[in-house]
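Colleague: What follows is the file start_24.csv, containing CSV, C-alpha atoms:
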```csv
chain,number,residue,atom,x,y,z
A,14,ARG,CA,-24.2,26.9,0.7
A,15,ARG,CA,-26.0,24.7,-1.8
A,16,ALA,CA,-27.1,27.6,-4.0
A,17,LEU,CA,-26.6,28.4,-7.6
A,18,GLY,CA,-23.9,31.0,-8.1
A,19,LYS,CA,-24.7,34.4,-9.5
A,20,TYR,CA,-22.4,34.0,-12.6
A,21,THR,CA,-23.1,31.8,-15.6
A,22,LEU,CA,-19.9,30.9,-17.3
A,23,GLN,CA,-20.0,30.8,-21.1
A,24,ALA,CA,-17.6,31.4,-24.0
A,25,ALA,CA,-17.2,34.9,-25.3
A,26,ASP,CA,-18.3,33.8,-28.8
A,27,THR,CA,-21.1,31.6,-27.4
A,28,ALA,CA,-19.4,28.5,-28.7
A,29,ALA,CA,-20.4,25.1,-27.3
A,30,VAL,CA,-18.5,24.0,-24.2
A,31,ARG,CA,-17.2,20.5,-24.5
A,32,ALA,CA,-15.0,20.1,-21.4
A,33,VAL,CA,-14.6,21.9,-18.1
A,34,ALA,CA,-12.0,21.9,-15.2
A,35,LEU,CA,-11.1,23.7,-12.1
A,36,SER,CA,-7.6,24.8,-11.0
A,37,ALA,CA,-6.1,23.3,-7.9
A,38,CYS,CA,-6.6,26.5,-6.0
A,39,GLY,CA,-10.3,26.7,-7.0
A,40,ASN,CA,-10.1,30.3,-8.2
A,41,TYR,CA,-10.2,29.6,-12.0
A,42,ALA,CA,-12.4,27.6,-14.3
A,43,PHE,CA,-11.4,26.3,-17.7
A,44,LEU,CA,-13.8,26.0,-20.5
A,45,GLY,CA,-12.9,23.7,-23.5
A,46,LEU,CA,-14.8,24.9,-26.6
A,47,ALA,CA,-15.9,23.2,-29.7
A,48,THR,CA,-13.8,25.6,-31.7
A,49,GLY,CA,-10.6,24.2,-30.1
A,50,ALA,CA,-9.9,27.2,-27.8
A,51,ILE,CA,-9.7,27.1,-24.0
A,52,GLU,CA,-10.9,30.0,-21.9
A,53,MET,CA,-9.8,30.7,-18.3
A,54,VAL,CA,-12.5,32.4,-16.2
A,55,ASN,CA,-12.2,33.9,-12.7
A,56,MET,CA,-14.7,32.2,-10.4
A,57,GLN,CA,-15.2,35.2,-8.2
A,58,SER,CA,-15.8,37.8,-10.9
A,59,GLY,CA,-17.0,35.6,-13.7
A,60,LEU,CA,-14.7,37.5,-16.1
A,61,ALA,CA,-12.5,35.8,-18.8
A,62,ARG,CA,-8.8,36.1,-17.9
A,63,ARG,CA,-7.0,34.2,-20.6
A,64,THR,CA,-7.5,32.2,-23.8
A,65,PHE,CA,-5.4,29.2,-24.9
A,66,ALA,CA,-5.5,28.8,-28.6
A,67,GLY,CA,-3.9,26.0,-30.6
A,68,HIS,CA,-6.2,23.0,-31.0
A,69,ALA,CA,-7.6,22.6,-34.5
A,70,LYS,CA,-10.8,20.7,-33.3
A,71,ALA,CA,-13.0,20.5,-30.3
A,72,VAL,CA,-11.5,20.1,-26.9
A,73,THR,CA,-12.3,16.8,-25.1
A,74,GLY,CA,-10.4,17.1,-21.8
A,75,ILE,CA,-8.7,19.7,-19.5
A,76,ALA,CA,-6.5,19.3,-16.4
A,77,THR,CA,-4.2,21.5,-14.3
A,78,ASP,CA,-1.2,20.6,-12.1
A,79,ALA,CA,-1.1,21.1,-8.4
A,80,CYS,CA,1.0,24.3,-8.5
A,81,ASN,CA,-0.9,26.3,-11.2
A,82,GLN,CA,2.0,26.2,-13.5
A,83,ARG,CA,0.8,24.0,-16.4
A,84,VAL,CA,-2.5,23.3,-18.2
A,85,PHE,CA,-3.0,20.1,-20.1
A,86,SER,CA,-5.6,19.5,-22.8
A,87,THR,CA,-6.7,16.9,-25.3
A,88,ALA,CA,-8.8,17.5,-28.4
A,89,LEU,CA,-10.3,15.7,-31.4
A,90,ASP,CA,-7.2,16.6,-33.4
A,91,GLY,CA,-5.4,13.7,-31.6
A,92,THR,CA,-2.9,15.8,-29.6
A,93,LEU,CA,-2.1,16.4,-26.0
A,94,ARG,CA,-1.0,19.9,-25.5
A,95,VAL,CA,0.8,21.6,-22.5
A,96,TRP,CA,0.2,25.3,-21.8
A,97,ASP,CA,1.8,27.8,-19.5
A,98,PHE,CA,-0.7,28.7,-16.8
A,99,ALA,CA,0.5,32.3,-16.4
A,100,THR,CA,1.0,33.4,-20.0
A,101,GLY,CA,-1.2,31.0,-22.0
A,102,ALA,CA,1.6,30.1,-24.3
A,103,GLN,CA,1.8,26.5,-25.7
A,104,THR,CA,5.0,24.7,-24.5
A,105,HIS,CA,4.7,21.1,-25.7
A,106,VAL,CA,2.7,19.0,-28.1
A,107,LEU,CA,2.3,15.2,-27.9
A,108,ALA,CA,0.7,13.3,-30.8
A,109,LEU,CA,-1.4,10.4,-29.4
A,110,PRO,CA,-1.9,7.1,-31.3
A,111,ALA,CA,-5.6,7.7,-31.1
A,112,THR,CA,-8.0,10.5,-30.3
A,113,ALA,CA,-8.5,11.1,-26.6
A,114,SER,CA,-12.1,11.4,-25.4
A,115,ARG,CA,-11.4,12.0,-21.7
A,116,LEU,CA,-8.4,13.3,-19.6
A,117,GLU,CA,-7.7,12.7,-15.9
A,118,ILE,CA,-4.7,13.8,-13.8
A,119,TYR,CA,-3.1,12.5,-10.7
A,120,ARG,CA,-1.5,15.7,-9.4
A,121,GLU,CA,0.7,14.2,-6.7
A,122,GLY,CA,2.5,11.9,-9.2
A,123,ALA,CA,2.2,14.1,-12.3
A,124,LEU,CA,0.5,11.4,-14.3
A,125,LEU,CA,-2.1,11.9,-17.0
A,126,ALA,CA,-4.7,9.2,-18.1
A,127,CYS,CA,-6.1,9.5,-21.6
A,128,ALA,CA,-9.1,7.5,-22.6
A,129,CYS,CA,-8.7,7.0,-26.3
A,130,ASP,CA,-11.2,6.1,-29.0
A,131,ASP,CA,-9.5,2.8,-29.7
A,132,ALA,CA,-10.7,1.6,-26.3
A,133,CYS,CA,-7.3,1.9,-24.7
A,134,VAL,CA,-6.1,4.0,-21.7
A,135,ARG,CA,-2.7,5.6,-22.1
A,136,ILE,CA,-0.8,6.9,-19.1
A,137,VAL,CA,1.4,9.9,-19.9
A,138,ASP,CA,4.3,11.1,-17.7
A,139,ALA,CA,3.5,14.8,-17.4
A,140,ASP,CA,7.2,15.7,-16.8
A,141,ALA,CA,8.8,13.6,-19.5
A,142,LEU,CA,5.7,14.0,-21.8
A,143,ARG,CA,5.7,10.4,-23.1
A,144,VAL,CA,3.4,7.4,-22.9
A,145,VAL,CA,4.6,5.1,-20.1
A,146,ARG,CA,1.6,2.6,-19.9
A,147,THR,CA,-1.0,1.4,-22.3
A,148,PHE,CA,-4.0,-0.5,-21.0
A,149,ALA,CA,-5.9,-2.4,-23.7
A,150,GLY,CA,-8.8,-4.8,-23.2
A,151,HIS,CA,-12.1,-3.0,-23.3
A,152,GLY,CA,-14.5,-4.1,-26.0
A,153,SER,CA,-16.1,-0.7,-26.5
A,154,ARG,CA,-15.7,3.0,-25.9
A,155,ILE,CA,-14.5,4.0,-22.4
A,156,THR,CA,-17.1,6.1,-20.6
A,157,ASP,CA,-15.0,7.3,-17.6
A,158,LEU,CA,-11.8,6.6,-15.6
A,159,ALA,CA,-10.4,7.6,-12.2
A,160,PHE,CA,-7.1,7.3,-10.3
A,161,SER,CA,-7.0,5.8,-6.9
A,162,ASN,CA,-6.1,8.1,-4.0
A,163,ASP,CA,-2.5,6.7,-3.9
A,164,GLY,CA,-2.1,6.7,-7.7
A,165,ARG,CA,-1.5,3.0,-7.8
A,166,TRP,CA,-4.6,2.0,-9.7
A,167,VAL,CA,-6.7,3.3,-12.6
A,168,VAL,CA,-10.4,2.2,-12.7
A,169,THR,CA,-12.1,2.4,-16.1
A,170,ALA,CA,-15.7,1.9,-17.1
A,171,SER,CA,-16.8,1.1,-20.7
A,172,LEU,CA,-19.9,0.6,-22.9
A,173,ASP,CA,-19.1,-3.2,-22.7
A,174,SER,CA,-20.7,-3.1,-19.2
A,175,THR,CA,-17.4,-3.9,-17.4
A,176,VAL,CA,-15.5,-2.0,-14.7
A,177,ARG,CA,-11.8,-2.8,-14.7
A,178,THR,CA,-8.9,-2.0,-12.4
A,179,TRP,CA,-5.4,-1.6,-13.8
A,180,ASP,CA,-2.2,-1.7,-11.7
A,181,LEU,CA,0.2,1.1,-12.7
A,182,PRO,CA,3.5,-0.4,-11.4
A,183,THR,CA,3.0,-3.7,-13.2
A,184,GLY,CA,0.8,-2.7,-16.1
A,185,TYR,CA,-1.6,-5.6,-15.4
A,186,MET,CA,-5.4,-5.8,-15.1
A,187,VAL,CA,-5.9,-7.0,-11.5
A,188,ASP,CA,-9.7,-6.9,-11.2
A,189,TRP,CA,-12.8,-6.6,-13.3
A,190,PHE,CA,-16.5,-7.2,-13.1
A,191,ARG,CA,-19.6,-6.8,-15.3
A,192,VAL,CA,-22.8,-5.1,-14.4
A,193,GLU,CA,-26.2,-5.2,-16.0
A,194,SER,CA,-26.4,-1.4,-16.6
A,195,VAL,CA,-23.5,0.4,-18.2
A,196,ALA,CA,-21.4,2.5,-15.8
A,197,VAL,CA,-21.1,6.1,-17.1
A,198,SER,CA,-19.1,7.6,-14.3
A,199,VAL,CA,-16.6,6.3,-11.6
A,200,ALA,CA,-14.8,8.1,-8.7
A,201,PHE,CA,-12.7,7.1,-5.8
A,202,SER,CA,-13.3,8.3,-2.3
A,203,PRO,CA,-10.5,10.5,-0.8
A,204,THR,CA,-9.3,7.7,1.4
A,205,GLY,CA,-9.6,5.0,-1.3
A,206,ASP,CA,-12.0,2.8,0.7
A,207,PHE,CA,-15.0,3.2,-1.6
A,208,LEU,CA,-15.6,3.4,-5.4
A,209,ALA,CA,-18.7,5.3,-6.5
A,210,THR,CA,-20.3,4.5,-9.8
A,211,ALA,CA,-23.2,6.0,-11.7
A,212,HIS,CA,-25.1,3.9,-14.3
A,213,MET,CA,-27.2,4.4,-17.4
A,214,ASP,CA,-31.0,4.5,-16.8
A,215,SER,CA,-30.4,5.1,-13.1
A,216,VAL,CA,-30.5,8.2,-10.9
A,217,GLY,CA,-28.7,6.6,-8.0
A,218,ILE,CA,-25.0,6.5,-7.0
A,219,PHE,CA,-23.7,3.1,-6.0
A,220,LEU,CA,-20.9,2.5,-3.6
A,221,TRP,CA,-18.5,-0.4,-3.8
A,222,ALA,CA,-16.2,-1.3,-0.8
A,223,ASN,CA,-12.5,-1.7,-1.4
A,224,ARG,CA,-11.7,-5.3,-0.2
A,225,THR,CA,-8.0,-4.6,0.2
A,226,GLN,CA,-8.9,-2.3,3.1
A,227,PHE,CA,-10.2,-5.3,5.1
A,228,VAL,CA,-8.7,-8.6,3.9
A,229,ASP,CA,-5.6,-9.7,2.0
A,230,VAL,CA,-6.3,-9.9,-1.8
A,231,SER,CA,-3.9,-11.2,-4.3
A,232,LEU,CA,-3.3,-8.7,-7.1
A,233,ARG,CA,-2.4,-11.2,-9.9
A,234,GLN,CA,-2.8,-10.5,-13.5
A,235,ILE,CA,-6.2,-11.4,-14.9
A,236,SER,CA,-6.5,-12.7,-18.4
A,237,PRO,CA,-9.6,-11.4,-20.4
A,238,ASP,CA,-10.2,-15.0,-21.4
A,239,ALA,CA,-10.4,-16.3,-17.8
A,240,ALA,CA,-13.6,-18.0,-16.8
A,241,ASP,CA,-15.6,-17.0,-13.8
A,242,ALA,CA,-16.9,-19.2,-11.0
A,243,SER,CA,-19.7,-20.5,-13.3
A,244,GLY,CA,-17.2,-21.6,-16.0
A,245,VAL,CA,-18.3,-18.8,-18.4
A,246,ALA,CA,-15.4,-16.9,-20.0
A,247,GLY,CA,-15.3,-13.2,-19.2
A,248,ALA,CA,-16.0,-11.0,-16.2
A,249,ALA,CA,-18.4,-12.2,-13.6
A,250,LEU,CA,-21.8,-10.5,-13.5
A,251,VAL,CA,-22.2,-8.6,-10.2
A,252,PRO,CA,-25.5,-7.2,-9.1
A,253,LEU,CA,-25.6,-3.5,-8.2
A,254,PRO,CA,-25.4,-2.7,-4.5
A,255,THR,CA,-28.6,-1.9,-2.7
A,256,SER,CA,-29.4,-0.2,0.7
A,257,ALA,CA,-29.5,-3.8,2.2
A,258,GLY,CA,-26.0,-4.6,0.9
A,259,LEU,CA,-24.9,-7.5,-1.3
A,260,ALA,CA,-25.7,-11.2,-0.8
A,261,ALA,CA,-22.1,-11.9,0.2
A,262,ASP,CA,-22.5,-9.5,3.2
A,263,ASP,CA,-25.2,-11.7,4.7
A,264,GLY,CA,-23.1,-14.8,4.9
A,265,GLU,CA,-24.2,-16.5,1.7
A,266,PRO,CA,-22.5,-19.9,1.3
A,267,GLY,CA,-19.4,-19.6,-0.9
A,268,ALA,CA,-18.8,-16.0,-0.1
A,269,GLU,CA,-16.1,-16.3,2.4
A,270,PRO,CA,-14.2,-13.1,3.3
A,271,GLY,CA,-10.7,-13.0,2.1
A,272,ALA,CA,-11.3,-15.9,-0.4
A,273,ASP,CA,-9.6,-15.4,-3.8
A,274,SER,CA,-11.9,-14.9,-6.8
A,275,GLU,CA,-10.1,-17.6,-8.8
A,276,ASP,CA,-9.2,-20.6,-6.7
A,277,GLY,CA,-10.4,-19.7,-3.2
A,278,ALA,CA,-6.9,-19.6,-1.8
A,279,ALA,CA,-4.8,-16.6,-0.8
A,280,TYR,CA,-1.7,-16.0,-2.9
A,281,LEU,CA,1.5,-16.6,-0.9
A,282,ALA,CA,4.6,-14.9,-2.2
A,283,PRO,CA,7.7,-17.0,-2.4
A,284,GLU,CA,10.4,-16.4,0.2
A,285,GLN,CA,13.0,-15.9,-2.6
A,286,LEU,CA,12.4,-15.5,-6.3
A,287,THR,CA,15.7,-17.0,-7.5
A,288,ASP,CA,18.8,-18.3,-5.8
A,289,ASN,CA,20.8,-15.6,-7.6
A,290,MET,CA,19.0,-12.7,-5.9
A,291,VAL,CA,19.6,-11.2,-2.5
A,292,THR,CA,16.5,-11.0,-0.3
A,293,LEU,CA,16.3,-8.5,2.5
A,294,SER,CA,14.3,-9.1,5.7
A,295,THR,CA,11.3,-7.2,6.9
A,296,GLN,CA,12.9,-6.1,10.1
A,297,PRO,CA,13.3,-2.4,10.7
A,298,ARG,CA,16.8,-1.1,10.2
A,299,SER,CA,16.9,0.7,13.5
A,300,LYS,CA,16.4,-2.5,15.4
A,301,TRP,CA,19.6,-4.0,14.1
A,302,GLN,CA,21.7,-0.9,13.9
A,303,ALA,CA,21.2,-0.5,17.7
A,304,LEU,CA,23.3,-3.6,18.2
A,305,LEU,CA,26.4,-1.7,16.9
A,306,SER,CA,26.1,1.0,19.5
A,307,LEU,CA,24.3,-0.9,22.3
A,308,SER,CA,26.9,-0.1,24.9
A,309,THR,CA,26.7,3.6,24.1
A,310,ILE,CA,22.9,3.4,24.4
A,311,LYS,CA,23.1,1.7,27.8
A,312,LYS,CA,25.6,4.2,29.1
A,313,ARG,CA,23.4,7.1,28.0
A,314,ASN,CA,20.4,5.5,29.7
A,315,GLN,CA,22.1,4.9,33.0
A,316,PRO,CA,20.6,6.9,35.9
A,317,GLU,CA,22.8,9.7,37.2
A,318,LYS,CA,22.5,8.4,40.8
A,319,ALA,CA,22.2,4.8,42.0
A,320,PRO,CA,18.8,3.9,43.4
A,321,ARG,CA,18.7,3.9,47.2
A,322,ALA,CA,16.6,1.7,49.3
A,323,PRO,CA,14.0,3.4,51.4
A,324,GLU,CA,14.8,4.0,55.0
A,325,GLN,CA,11.9,1.9,56.2
A,326,ALA,CA,11.1,-0.7,53.6
A,327,PRO,CA,7.5,-1.9,53.7
A,328,PHE,CA,6.9,-5.5,54.8
A,329,PHE,CA,5.2,-7.9,52.4
A,330,LEU,CA,4.1,-11.4,53.3
A,331,PRO,CA,5.2,-14.1,50.8
A,332,SER,CA,2.4,-15.6,48.8
A,333,VAL,CA,1.8,-19.1,47.7
A,334,ALA,CA,1.4,-19.8,44.0
A,335,GLY,CA,-2.1,-20.7,43.0
A,336,VAL,CA,-5.6,-19.4,42.1
A,337,GLU,CA,-6.5,-18.7,45.7
A,338,GLN,CA,-4.7,-15.9,47.5
A,339,ARG,CA,-2.8,-17.5,50.4
A,340,PHE,CA,0.3,-16.4,52.4
A,341,ALA,CA,3.3,-18.6,53.2
A,342,LEU,CA,3.6,-18.0,56.9
A,343,ASP,CA,5.6,-20.9,58.1
A,344,GLU,CA,7.7,-23.5,56.3
A,345,PRO,CA,8.9,-26.7,57.8
A,346,SER,CA,12.7,-26.9,58.5
A,347,GLY,CA,13.0,-29.8,56.0
A,348,ALA,CA,11.9,-27.6,53.1
A,349,GLU,CA,15.2,-25.7,53.0
A,350,PRO,CA,17.3,-28.5,51.5
A,351,ALA,CA,14.6,-29.3,49.0
A,352,ARG,CA,14.4,-25.6,47.9
A,353,ALA,CA,18.2,-25.4,47.6
A,354,ALA,CA,18.2,-28.5,45.4
A,355,ASP,CA,15.5,-27.0,43.2
A,356,GLU,CA,17.5,-23.7,42.9
A,357,SER,CA,20.6,-25.5,41.9
A,358,ARG,CA,18.7,-27.5,39.4
A,359,LEU,CA,17.3,-24.3,37.9
A,360,ILE,CA,20.7,-22.7,37.8
A,361,SER,CA,22.2,-25.7,35.9
A,362,VAL,CA,19.3,-25.6,33.4
A,363,ALA,CA,19.5,-21.9,32.9
A,364,LEU,CA,23.2,-22.1,31.9
A,365,GLU,CA,22.1,-23.6,28.6
A,366,SER,CA,20.2,-20.8,27.0
A,367,GLN,CA,17.4,-21.1,24.5
A,368,LEU,CA,19.7,-20.0,21.6
A,369,ALA,CA,22.2,-22.7,22.5
A,370,ARG,CA,19.5,-25.4,22.4
A,371,ILE,CA,18.3,-24.1,19.0
A,372,LEU,CA,21.9,-24.1,17.7
A,373,TYR,CA,22.4,-27.7,18.9
A,374,ARG,CA,19.3,-28.9,17.1
A,375,ALA,CA,20.2,-26.9,13.9
A,376,GLN,CA,23.7,-28.4,13.9
A,377,GLU,CA,22.2,-31.9,14.0
A,378,THR,CA,19.6,-31.3,11.3
A,379,GLY,CA,21.5,-28.8,9.1
A,380,ALA,CA,18.6,-26.4,9.0
A,381,TYR,CA,19.6,-23.0,10.5
A,382,GLY,CA,16.4,-21.1,9.7
A,383,PRO,CA,15.0,-21.5,13.3
A,384,VAL,CA,18.1,-19.8,14.6
A,385,PHE,CA,17.4,-16.5,12.8
A,386,ALA,CA,13.7,-16.8,13.3
A,387,TYR,CA,14.3,-16.8,17.1
A,388,LEU,CA,16.7,-13.9,16.9
A,389,GLU,CA,14.4,-11.8,14.8
A,390,ALA,CA,11.7,-12.1,17.5
A,391,LEU,CA,14.0,-10.6,20.1
A,392,GLY,CA,14.9,-7.0,20.8
A,393,PRO,CA,18.5,-5.7,20.4
A,394,SER,CA,19.3,-6.1,24.1
A,395,ALA,CA,17.9,-9.6,24.2
A,396,VAL,CA,19.9,-10.6,21.1
A,397,ASP,CA,23.1,-9.2,22.7
A,398,VAL,CA,22.5,-11.2,25.9
A,399,GLU,CA,21.8,-14.4,24.0
A,400,ILE,CA,25.0,-14.2,22.0
A,401,ARG,CA,27.2,-13.1,25.0
A,402,THR,CA,25.8,-16.0,27.2
A,403,LEU,CA,26.6,-18.8,24.7
A,404,PRO,CA,28.3,-21.5,26.7
A,405,VAL,CA,32.1,-22.0,26.2
A,406,ASP,CA,32.4,-25.1,28.5
A,407,ASP,CA,31.0,-27.4,25.9
A,408,GLY,CA,34.1,-27.5,23.8
A,409,LEU,CA,33.0,-24.3,21.9
A,410,ARG,CA,30.2,-26.4,20.3
A,411,ALA,CA,27.6,-23.6,20.5
A,412,LEU,CA,30.0,-21.0,19.1
A,413,ARG,CA,30.9,-23.2,16.2
A,414,ALA,CA,27.3,-23.8,15.5
A,415,PHE,CA,26.6,-20.1,15.6
A,416,VAL,CA,29.4,-19.4,13.0
A,417,GLN,CA,28.0,-22.2,10.8
A,418,ALA,CA,24.5,-20.7,11.1
A,419,VAL,CA,25.8,-17.2,10.0
A,420,THR,CA,27.8,-18.8,7.1
A,421,ALA,CA,24.8,-20.8,5.9
A,422,GLN,CA,22.6,-17.7,6.1
A,423,LEU,CA,25.0,-15.6,4.0
A,424,GLN,CA,25.2,-18.4,1.4
A,425,SER,CA,21.4,-18.6,1.1
A,426,LYS,CA,21.3,-14.8,0.4
A,427,ARG,CA,18.2,-14.5,2.6
A,428,ASP,CA,17.8,-11.7,5.3
A,429,PHE,CA,21.1,-10.5,3.9
A,430,GLU,CA,21.4,-7.3,5.9
A,431,LEU,CA,21.1,-9.2,9.2
```
Could you spell out this file's structure in structure tokens?
Modeller:
Amino acid sequence: RRALGKYTLQAADTAAVRAVALSACGNYAFLGLATGAIEMVNMQSGLARRTFAGHAKAVTGIATDACNQRVFSTALDGTLRVWDFATGAQTHVLALPATASRLEIYREGALLACACDDACVRIVDADALRVVRTFAGHGSRITDLAFSNDGRWVVTASLDSTVRTWDLPTGYMVDWFRVESVAVSVAFSPTGDFLATAHMDSVGIFLWANRTQFVDVSLRQISPDAADASGVAGAALVPLPTSAGLAADDGEPGAEPGADSEDGAAYLAPEQLTDNMVTLSTQPRSKWQALLSLSTIKKRNQPEKAPRAPEQAPFFLPSVAGVEQRFALDEPSGAEPARAADESRLISVALESQLARILYRAQETGAYGPVFAYLEALGPSAVDVEIRTLPVDDGLRALRAFVQAVTAQLQSKRDFEL
């Protein structure tokens, strides 16, 4: 029901409330007061259950973990404090380099994001209680921040009218744009396909589609001094979305889907970073492990009884190949020798398998990449048949070429597990 609750939550000493938060279970509310205290209130009864006292100045942010075991809080005294949910006792204190004005938590990964007054975002490991990432680049105070649904990105908004995306594993800024009106609040959708923003002097909520859900986007580091498409240094100015969508959605020239924002070309990762590193393939492990026990799998999949022919097999007329449906009723007697010659020619050609032909070409050119590219496209049974049917009446040329291909692949350190 979209109705106002019957309880009005307020501090017992009528102190000003500076920060609020809900527990993961939704049964408790936390009120951060201007006096530095934190009060836990039951949502069903509206009664205060516990008080967390320890901050010397006003509380700026509150967060709880997913299991209702710990409570995290920041205050103007420049500290991040950890409290025991059940007893209210203070367990840890972390002094931050700057005062934190906002606090967000990614419960699944036990990560805390603190927006500090020095325009930096500091990521704190909630278990180790230490700063693991520092994102600096905003030119003014940070107004809001949010984790992506998978915890890989942190999106921040600032009074410098920019919205920036930071990549947690690399610590790089991978995207940013500038808007005409300052964004005061940002939030990700539960599935991560939309970003919602609220802006100053506006009563609407604006939705931005996540391009990585639809096209390949290179997540390279972006320098704050990089120039946009017009040659102006800094983030590109992007108009706010409307009910009719953006201009790029209507097929505006130059707005190709999937084009990179810097040079218009998709970033291609190198096959191997250095020659000293071992590179693994993208093939599933089960596909190649099945080769080791293929005989056991075939034996297990054999039918218990051999298939029997039906007592009265149905009669089917042979058809003639072609677009029109025709039946081959009679054949001249002279067609038998021609058909026998064709079958013998097919048998002689079939003795030289596709793998053998690729091996012969690779032995002449010295490039054995196509050999493994062909094998990777086959299933375990097909790979077993191709290797077992390599010809031996050619002076073992195909087998020697296969050994040379395996040796060259091991020396290149590519697809090493294959």
Colleague: Measuring between only C-alpha atoms, which one of A:Gly247, A:Pro404, A:Gly164, A:Gly217 shows the shortest distance to Gly152 in chain A?
Modeller: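 Closest candidate: A:Gly247.
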Colleague: Measuring atom to atom with only C-alpha atoms, identify which of A:Ile51, A:Ala79, A:Ala102, A:Ala66 is nearest to Glu121 in chain A.
Modeller: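 Nearest candidate to Glu121 in chain A out of A:Ile51, A:Ala79, A:Ala102, A:Ala66: A:Ala79.
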Colleague: Which residue gives the smallest distance to Lys300 in chain A among A:Leu412, A:Asp206, A:Glu430, A:Val419, with only C-alpha atoms counted?
Modeller: A:Glu430
Colleague: What is the distance between CA of Gly150 in chain A and CA of Ala209 in chain A, in Å to one decimal?
Modeller: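 Going from CA of Gly150 in chain A over to CA of Ala209 in chain A covers 21.9 Å.
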Colleague: Nearest to Arg115 in chain A among A:Gln424, A:Asn40, A:Ser161, A:Ser198, with distances taken over all atoms listed in the file: which residue is it?
Modeller: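 The closest residue to Arg115 in chain A is A:Ser198.
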Colleague: Around the point (-10.2, 13.0, -24.2) in the file's coordinates, collect all residues with an atom within 10 Å, using all atoms listed in the file, and return them as a CSV table (one decimal) with C-alpha atoms, in the coordinates of the input.
Modeller:
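Wrote it out as part.csv, contents follow:
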```csv
chain,number,residue,atom,x,y,z
A,32,ALA,CA,-15.0,20.1,-21.4
A,72,VAL,CA,-11.5,20.1,-26.9
A,73,THR,CA,-12.3,16.8,-25.1
A,74,GLY,CA,-10.4,17.1,-21.8
A,75,ILE,CA,-8.7,19.7,-19.5
A,86,SER,CA,-5.6,19.5,-22.8
A,87,THR,CA,-6.7,16.9,-25.3
A,88,ALA,CA,-8.8,17.5,-28.4
A,89,LEU,CA,-10.3,15.7,-31.4
A,91,GLY,CA,-5.4,13.7,-31.6
A,92,THR,CA,-2.9,15.8,-29.6
A,93,LEU,CA,-2.1,16.4,-26.0
A,111,ALA,CA,-5.6,7.7,-31.1
A,112,THR,CA,-8.0,10.5,-30.3
A,113,ALA,CA,-8.5,11.1,-26.6
A,114,SER,CA,-12.1,11.4,-25.4
A,115,ARG,CA,-11.4,12.0,-21.7
A,116,LEU,CA,-8.4,13.3,-19.6
A,117,GLU,CA,-7.7,12.7,-15.9
A,126,ALA,CA,-4.7,9.2,-18.1
A,127,CYS,CA,-6.1,9.5,-21.6
A,128,ALA,CA,-9.1,7.5,-22.6
A,129,CYS,CA,-8.7,7.0,-26.3
A,130,ASP,CA,-11.2,6.1,-29.0
A,157,ASP,CA,-15.0,7.3,-17.6
```
Colleague: Measuring atom to atom with all atoms listed in the file, identify which of A:Phe207, A:Phe190, A:Phe160, A:Phe148 is nearest to Cys133 in chain A.
Modeller: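 Selected residue with least distance to Cys133 in chain A: A:Phe148.
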Colleague: Have a look at A:Val396, A:Ile310, A:Ala421, A:Ala99 and name the one nearest to Ala375 in chain A; count all atoms listed in the file.
Modeller: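 Counting all atoms listed in the file, the residue closest to Ala375 in chain A is A:Ala421.
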Colleague: For CA of Ala123 in chain A and CA of Val167 in chain A, quote the distance in Å rounded to one decimal.
Modeller: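 One can read the CA of Ala123 in chain A to CA of Val167 in chain A distance as 14.0 Å.
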Colleague: Using Å and a single decimal, report how far CA of Gly392 in chain A sits from CA of Lys311 in chain A.
Modeller: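 Separation of CA of Lys311 in chain A and CA of Gly392 in chain A: 13.9 Å.
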Colleague: Fewer than 4 positions away in the same chain doesn't count, so skip those; otherwise give me all residues within 12 Å of Met290 in chain A, counting only C-alpha atoms, as a VMD selection string.
Modeller: chain A and resid 284 to 286 423 to 429
Colleague: I'd like the neighbourhood of Asp78 in chain A as a compact mmCIF listing (two decimals) with C-alpha atoms, keeping the file's coordinate frame, where a residue qualifies if any of its atoms comes within 10 Å (using all atoms listed in the file), though same-chain residues fewer than 2 positions away should be ignored.
Modeller:
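The result, stored in part03.txt:
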```txt
# COMPACT_ATOMS: atom_id res chain seq x y z
CA SER A 36 -7.60 24.80 -11.00
CA ALA A 37 -6.10 23.30 -7.90
CA ALA A 76 -6.50 19.30 -16.40
CA CYS A 80 1.00 24.30 -8.50
CA ASN A 81 -0.90 26.30 -11.20
CA GLN A 82 2.00 26.20 -13.50
CA ARG A 83 0.80 24.00 -16.40
CA VAL A 84 -2.50 23.30 -18.20
CA PHE A 85 -3.00 20.10 -20.10
CA PHE A 98 -0.70 28.70 -16.80
CA ILE A 118 -4.70 13.80 -13.80
CA TYR A 119 -3.10 12.50 -10.70
CA ARG A 120 -1.50 15.70 -9.40
CA GLU A 121 0.70 14.20 -6.70
CA GLY A 122 2.50 11.90 -9.20
CA ALA A 123 2.20 14.10 -12.30
CA LEU A 124 0.50 11.40 -14.30
CA ALA A 139 3.50 14.80 -17.40
```
Colleague: Taking 4 positions as the minimum chain separation for residues in the same chain, which residues sit within 12 Å of Glu193 in chain A when counting all atoms listed in the file? Answer as a CSV table (one decimal) with C-alpha atoms, keeping the file's coordinate frame.
Modeller:
```csv
chain,number,residue,atom,x,y,z
A,172,LEU,CA,-19.9,0.6,-22.9
A,173,ASP,CA,-19.1,-3.2,-22.7
A,174,SER,CA,-20.7,-3.1,-19.2
A,175,THR,CA,-17.4,-3.9,-17.4
A,176,VAL,CA,-15.5,-2.0,-14.7
A,212,HIS,CA,-25.1,3.9,-14.3
A,213,MET,CA,-27.2,4.4,-17.4
A,214,ASP,CA,-31.0,4.5,-16.8
A,215,SER,CA,-30.4,5.1,-13.1
A,248,ALA,CA,-16.0,-11.0,-16.2
A,249,ALA,CA,-18.4,-12.2,-13.6
A,250,LEU,CA,-21.8,-10.5,-13.5
A,251,VAL,CA,-22.2,-8.6,-10.2
A,252,PRO,CA,-25.5,-7.2,-9.1
A,253,LEU,CA,-25.6,-3.5,-8.2
A,254,PRO,CA,-25.4,-2.7,-4.5
```
